[in-house]
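One structure is given here, and the rest of the page talks about it.
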Amino acid sequence: EIEGVTALIYVQTCAAEKRRRRKRGKFPNPSERVFINPNVCEGCGDCGMASNCVAILPKETPLGRKRMIDQSACNKDFSCLKGFCPSFVTVEGAEPKKKAAASFDLPDLPEPHLCLIDRPYNVLVTGVGGTGVVTVGALISMGAHLEGKGAAEMQMAGLAQKGGAVAIHCRIAPKPEDISAVRISVGEADSVIGGDLVVTSGQKALSLMTRGRTGMVCNSHEITTGAFTRDTDFTLPADAMKLAVERKIGPDALHMVDAYALAEQMLGDSIYSNVLLLGASWQAGLVPLTREALRRAIELNGAGVEGNLMAFEIGRWAMADPGGLAKYLTPPAEVIETLPAKIARREEHLKGHTGRGLAKRYRRLVDDAIQAERRVGQEGFAEAVAEGYFKLLAYKDEYEVARLHVQTLEAELDDAFDNIGSISFHMAPPIFGRKDSDGKPVKTKFGPWMFRALKVLASLKGLRGTPLDIFGYTAERRSERAAPKAYSKVVNELIEGLDARNIALAAEIARLPLKIRGFGHVKEANAEAAAEEQAVLLAKFRDPSTPTAQAAE
């Protein structure tokens, strides 16, 4: 009776369900995987903006923060390929390499002191969906059932899929009839198993804790949140979150364990993190069930039994003898370098980019900045110049992208995957590329033959900036060639007026090129924003009485 459309019904299998079906062989599993070559990546974040995907993670490198794909979390919808960046490749048939488990012998561990419960005992399990939080709650409930105790469990997952906040309320009592309500009330949590610090330090979780009653074992590993897809420089305020928990329950009641690193290095897979935390919590006396009941619950669960049983024991080990366990672990790679090492790394890169002449040009300005810094007697300015000037000199034109792919891609792929098949590139060539309705270039998929073409292109880098450079006539390339000269002029002005009062401001100005990330229109927008910020900061440097935009606000 009513003309036109009155309702729309949209049916799509959610990402979490796709993964479950794929594991069971009941849903098509694309044979391709997406990989980001970190050497080409600019860390601009356009891939995250285009896909809003939390499987895109930060990758800290000596040349700054780049991007990487968490293959275990990837939905294979390939939406990240829409990001305007030539660092993306797809690999046919490849499977992520499984990390080898460590070789070790479990020591004899002391039995913990388990409290005897004469009332309902409340356990809160917090974490991120898809990492086994729900499983930990189920194991506790089953362990209580096997002992003949009362057990009740509530999954406060809401709309969370993989990556969303999850909280499990578990109540254990001497008899089933002792439990009248499942949900833990304000301030009544006896123990907390924190799978993720972000969720655990949230107001909802904190409201259930109280000093003198609540004990906690929490994972110290920092899981990237959705904010990273919108803010390329986002970092978790881990210290502040930990402090919030300590203020609530007291510092002595909090035990931090890097369950992710332990599970990955000792067992070869981080998926065991939360069961490892369960073992640590039990060893800390925060789960009033017998070891036999919890191990039997793991066996009855039937998933990854051998690994989960070992994870439980490693968690105990981490709590009982962390020093003995530490000798089996590899410390995280150190990406912080001294200034001389940082300069030397960039000099070598510039030699490969263009030649020794470019490296010498770089070194001259950096040395001038070092001398000015010594004159003032404070640090920070020279390092900013070393990073900022390099960013402008090492611009990634067609020749440089080709060189970096040719020299590094195969090794990067070999390190990440087994059974690598054909490689495809996703690029938007400036000469004959397609454009969308807004006039912006659109990426095209190129097959394995492109690797041979890139080898030829890389060998022609000597044409850069010459009349024979067919790419060099675009506005983007002309701007990139002019930027280092303009930057040198600004730095020389900063050096001339540098003193103890303005060196921090000078360093901020010198580091602005690091914000000029990306390719094409993405880089252009970032360059415009950086230029506006530079104008404001330079005005402040030239006349300290001039308010910055932030001060004016």
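Within each chain, counting starts at residue 1; across the structure tokens, chains are named A, B, ... in the order shown, with ligands numbered 1 upward in that order.
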Quick one: contact table of region 113-208 of chain A to region 281-302 of chain A, 10 Å max, nearest atom pair and distance in Å to one decimal per residue, counting only C-alpha atoms, chain and number order, as JSON lines?
{"residue": "A:His113", "atom": "CA", "partner": "A:Gly285", "partner_atom": "CA", "distance": 5.6}
{"residue": "A:Leu114", "atom": "CA", "partner": "A:Gly285", "partner_atom": "CA", "distance": 5.0}
{"residue": "A:Cys115", "atom": "CA", "partner": "A:Pro288", "partner_atom": "CA", "distance": 5.9}
{"residue": "A:Leu116", "atom": "CA", "partner": "A:Pro288", "partner_atom": "CA", "distance": 7.0}
{"residue": "A:Ile117", "atom": "CA", "partner": "A:Pro288", "partner_atom": "CA", "distance": 7.4}
{"residue": "A:Tyr121", "atom": "CA", "partner": "A:Pro288", "partner_atom": "CA", "distance": 8.2}
{"residue": "A:Asn122", "atom": "CA", "partner": "A:Val287", "partner_atom": "CA", "distance": 9.3}
{"residue": "A:Val123", "atom": "CA", "partner": "A:Val287", "partner_atom": "CA", "distance": 7.7}
{"residue": "A:Thr135", "atom": "CA", "partner": "A:Asn301", "partner_atom": "CA", "distance": 8.5}
{"residue": "A:Val136", "atom": "CA", "partner": "A:Ile298", "partner_atom": "CA", "distance": 9.3}
{"residue": "A:Ala138", "atom": "CA", "partner": "A:Ala297", "partner_atom": "CA", "distance": 8.5}
{"residue": "A:Leu139", "atom": "CA", "partner": "A:Ala297", "partner_atom": "CA", "distance": 5.5}
{"residue": "A:Ile140", "atom": "CA", "partner": "A:Leu294", "partner_atom": "CA", "distance": 6.9}
{"residue": "A:Ser141", "atom": "CA", "partner": "A:Ala297", "partner_atom": "CA", "distance": 8.7}
{"residue": "A:Met142", "atom": "CA", "partner": "A:Ala297", "partner_atom": "CA", "distance": 5.7}
{"residue": "A:Gly143", "atom": "CA", "partner": "A:Ala293", "partner_atom": "CA", "distance": 4.8}
{"residue": "A:Ala144", "atom": "CA", "partner": "A:Leu289", "partner_atom": "CA", "distance": 6.6}
{"residue": "A:His145", "atom": "CA", "partner": "A:Ala293", "partner_atom": "CA", "distance": 8.7}
{"residue": "A:Leu146", "atom": "CA", "partner": "A:Ala293", "partner_atom": "CA", "distance": 6.2}
{"residue": "A:Glu147", "atom": "CA", "partner": "A:Ala293", "partner_atom": "CA", "distance": 6.7}
{"residue": "A:Lys149", "atom": "CA", "partner": "A:Leu289", "partner_atom": "CA", "distance": 9.4}
{"residue": "A:Ile172", "atom": "CA", "partner": "A:Pro288", "partner_atom": "CA", "distance": 8.3}
{"residue": "A:Ala173", "atom": "CA", "partner": "A:Pro288", "partner_atom": "CA", "distance": 9.8}
{"residue": "A:Asp190", "atom": "CA", "partner": "A:Leu286", "partner_atom": "CA", "distance": 7.7}
{"residue": "A:Ser191", "atom": "CA", "partner": "A:Leu286", "partner_atom": "CA", "distance": 5.7}
{"residue": "A:Val192", "atom": "CA", "partner": "A:Leu286", "partner_atom": "CA", "distance": 8.0}
{"residue": "A:Ile193", "atom": "CA", "partner": "A:Ser281", "partner_atom": "CA", "distance": 6.8}
{"residue": "A:Gly194", "atom": "CA", "partner": "A:Ser281", "partner_atom": "CA", "distance": 9.7}
**Request:** Mind checking which residues fall within 6 Å of region 245-258 of chain A, counting only C-alpha atoms, ignoring those fewer than 4 positions away in the same chain, and posting them as a list in words?
**Result:**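 Contacts, with the query itself left out: Ser201, Thr210, Arg211, Gly215, Met216, Val217, Cys218, Asn219, Ser220 and His221 of chain A.
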Any chance you can output those residues with all heavy atoms as a short mmCIF file (atom, residue, chain, number, x, y, z; two decimals), in the first residue's frame?
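Written out: out13.cif:
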data_model
loop_
_atom_site.label_atom_id
_atom_site.label_comp_id
_atom_site.auth_asym_id
_atom_site.auth_seq_id
_atom_site.Cartn_x
_atom_site.Cartn_y
_atom_site.Cartn_z
N SER A 201 41.57 -1.29 33.45
CA SER A 201 41.65 0.00 34.11
C SER A 201 40.47 0.90 33.79
O SER A 201 40.43 2.05 34.23
CB SER A 201 42.95 0.72 33.72
OG SER A 201 42.96 1.01 32.33
N THR A 210 38.09 -3.17 45.19
CA THR A 210 38.22 -2.38 46.42
C THR A 210 39.54 -2.74 47.10
O THR A 210 39.98 -3.90 47.05
CB THR A 210 37.03 -2.63 47.36
OG1 THR A 210 37.11 -1.73 48.46
CG2 THR A 210 37.04 -4.05 47.90
N ARG A 211 40.16 -1.76 47.71
CA ARG A 211 41.43 -1.97 48.41
C ARG A 211 41.23 -2.86 49.63
O ARG A 211 40.25 -2.73 50.35
CB ARG A 211 42.01 -0.62 48.84
CG ARG A 211 43.41 -0.70 49.47
CD ARG A 211 43.85 0.68 49.93
NE ARG A 211 44.16 1.54 48.81
CZ ARG A 211 45.40 1.80 48.38
NH1 ARG A 211 46.44 1.23 48.99
NH2 ARG A 211 45.62 2.60 47.37
N GLY A 215 42.59 -8.74 44.67
CA GLY A 215 43.94 -9.00 44.18
C GLY A 215 43.89 -9.17 42.68
O GLY A 215 42.86 -9.59 42.13
N MET A 216 44.98 -8.88 41.98
CA MET A 216 44.95 -8.90 40.52
C MET A 216 46.25 -9.39 39.93
O MET A 216 47.34 -9.06 40.39
CB MET A 216 44.66 -7.49 39.97
CG MET A 216 44.60 -7.44 38.44
SD MET A 216 44.56 -5.75 37.77
CE MET A 216 43.06 -5.12 38.49
N VAL A 217 46.12 -10.19 38.87
CA VAL A 217 47.23 -10.49 37.97
C VAL A 217 46.81 -9.94 36.61
O VAL A 217 45.75 -10.30 36.09
CB VAL A 217 47.52 -11.99 37.87
CG1 VAL A 217 48.54 -12.26 36.78
CG2 VAL A 217 48.02 -12.53 39.20
N CYS A 218 47.63 -9.05 36.02
CA CYS A 218 47.24 -8.37 34.79
C CYS A 218 48.33 -8.50 33.73
O CYS A 218 49.53 -8.46 34.03
CB CYS A 218 46.97 -6.89 35.07
SG CYS A 218 46.28 -5.99 33.66
N ASN A 219 47.89 -8.65 32.50
CA ASN A 219 48.81 -8.73 31.37
C ASN A 219 49.39 -7.34 31.09
O ASN A 219 48.65 -6.37 30.91
CB ASN A 219 48.04 -9.23 30.14
CG ASN A 219 48.95 -9.54 28.97
OD1 ASN A 219 50.17 -9.42 29.06
ND2 ASN A 219 48.35 -9.93 27.86
N SER A 220 50.70 -7.23 31.05
CA SER A 220 51.33 -5.93 30.79
C SER A 220 51.49 -5.63 29.31
O SER A 220 51.85 -4.52 28.94
CB SER A 220 52.71 -5.88 31.46
OG SER A 220 53.58 -6.85 30.91
N HIS A 221 51.20 -6.62 28.45
CA HIS A 221 51.33 -6.39 27.00
C HIS A 221 50.31 -5.36 26.54
O HIS A 221 49.14 -5.42 26.90
CB HIS A 221 51.12 -7.70 26.24
CG HIS A 221 51.13 -7.53 24.75
ND1 HIS A 221 52.28 -7.29 24.05
CD2 HIS A 221 50.12 -7.55 23.83
CE1 HIS A 221 52.00 -7.19 22.76
NE2 HIS A 221 50.70 -7.33 22.61
#
**Request:** Quick one: pick out all strand (DSSP E) residues within region 373-471 of chain A from a backbone DSSP run and write them as a list of chain:residue names.
**Result:** A:Phe417, A:Asp418, A:Ile423, A:Ser424, A:Phe425, A:His426, A:Met427, A:Arg434, A:Lys435, A:Pro441, A:Val442, A:Thr444, A:Lys445, A:Phe446
For the contact check between region 435-544 of chain A and region 377-387 of chain A, emit one row per residue of region 435-544 of chain A within 8 Å, containing the shortest atom pair and the distance in Å rounded to one decimal, counting only C-alpha atoms, chain then rising number order, as a tab-separated table.
residue	atom	partner	partner_atom	distance
A:Val491	CA	A:Val385	CA	7.7
A:Ala500	CA	A:Gln378	CA	6.9
A:Ile503	CA	A:Phe381	CA	6.4
A:Ala504	CA	A:Phe381	CA	7.1
A:Ala506	CA	A:Phe381	CA	6.6
A:Ala507	CA	A:Phe381	CA	4.5
A:Glu508	CA	A:Ala384	CA	7.4
A:Ala510	CA	A:Val385	CA	5.3
A:Arg511	CA	A:Ala384	CA	4.9
A:Leu514	CA	A:Glu387	CA	7.4
**Prompt:** Got a sec: who's within 6 Å of region 79-87 of chain A, counting only C-alpha atoms, leaving out chain neighbours fewer than 3 positions off, as an NGL selection string?
**Reply:** :A and (36-37 or 40-41 or 46-47 or 50-51 or 427)
**Request:** Calculate how many Å separate CA of Lys360 (chain A) from CA of Ala535 (chain A), rounding to one decimal.
**Result:** 28.4 Å
**Message:** Write out as a ChimeraX atom specification the set of residues from region 18-178 of chain A that DSSP, computed on the backbone, places in helix (DSSP H, G or I).
**Reply:** /A:18-23,46-51,79-82,133-146,176-178
**Message:** Between CA of Arg363 (chain A) and CA of Lys489 (chain A), what distance in Å does the model show, to one decimal?
**Reply:**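 Taking CA of Arg363 (chain A) and CA of Lys489 (chain A), their separation equals 15.2 Å.
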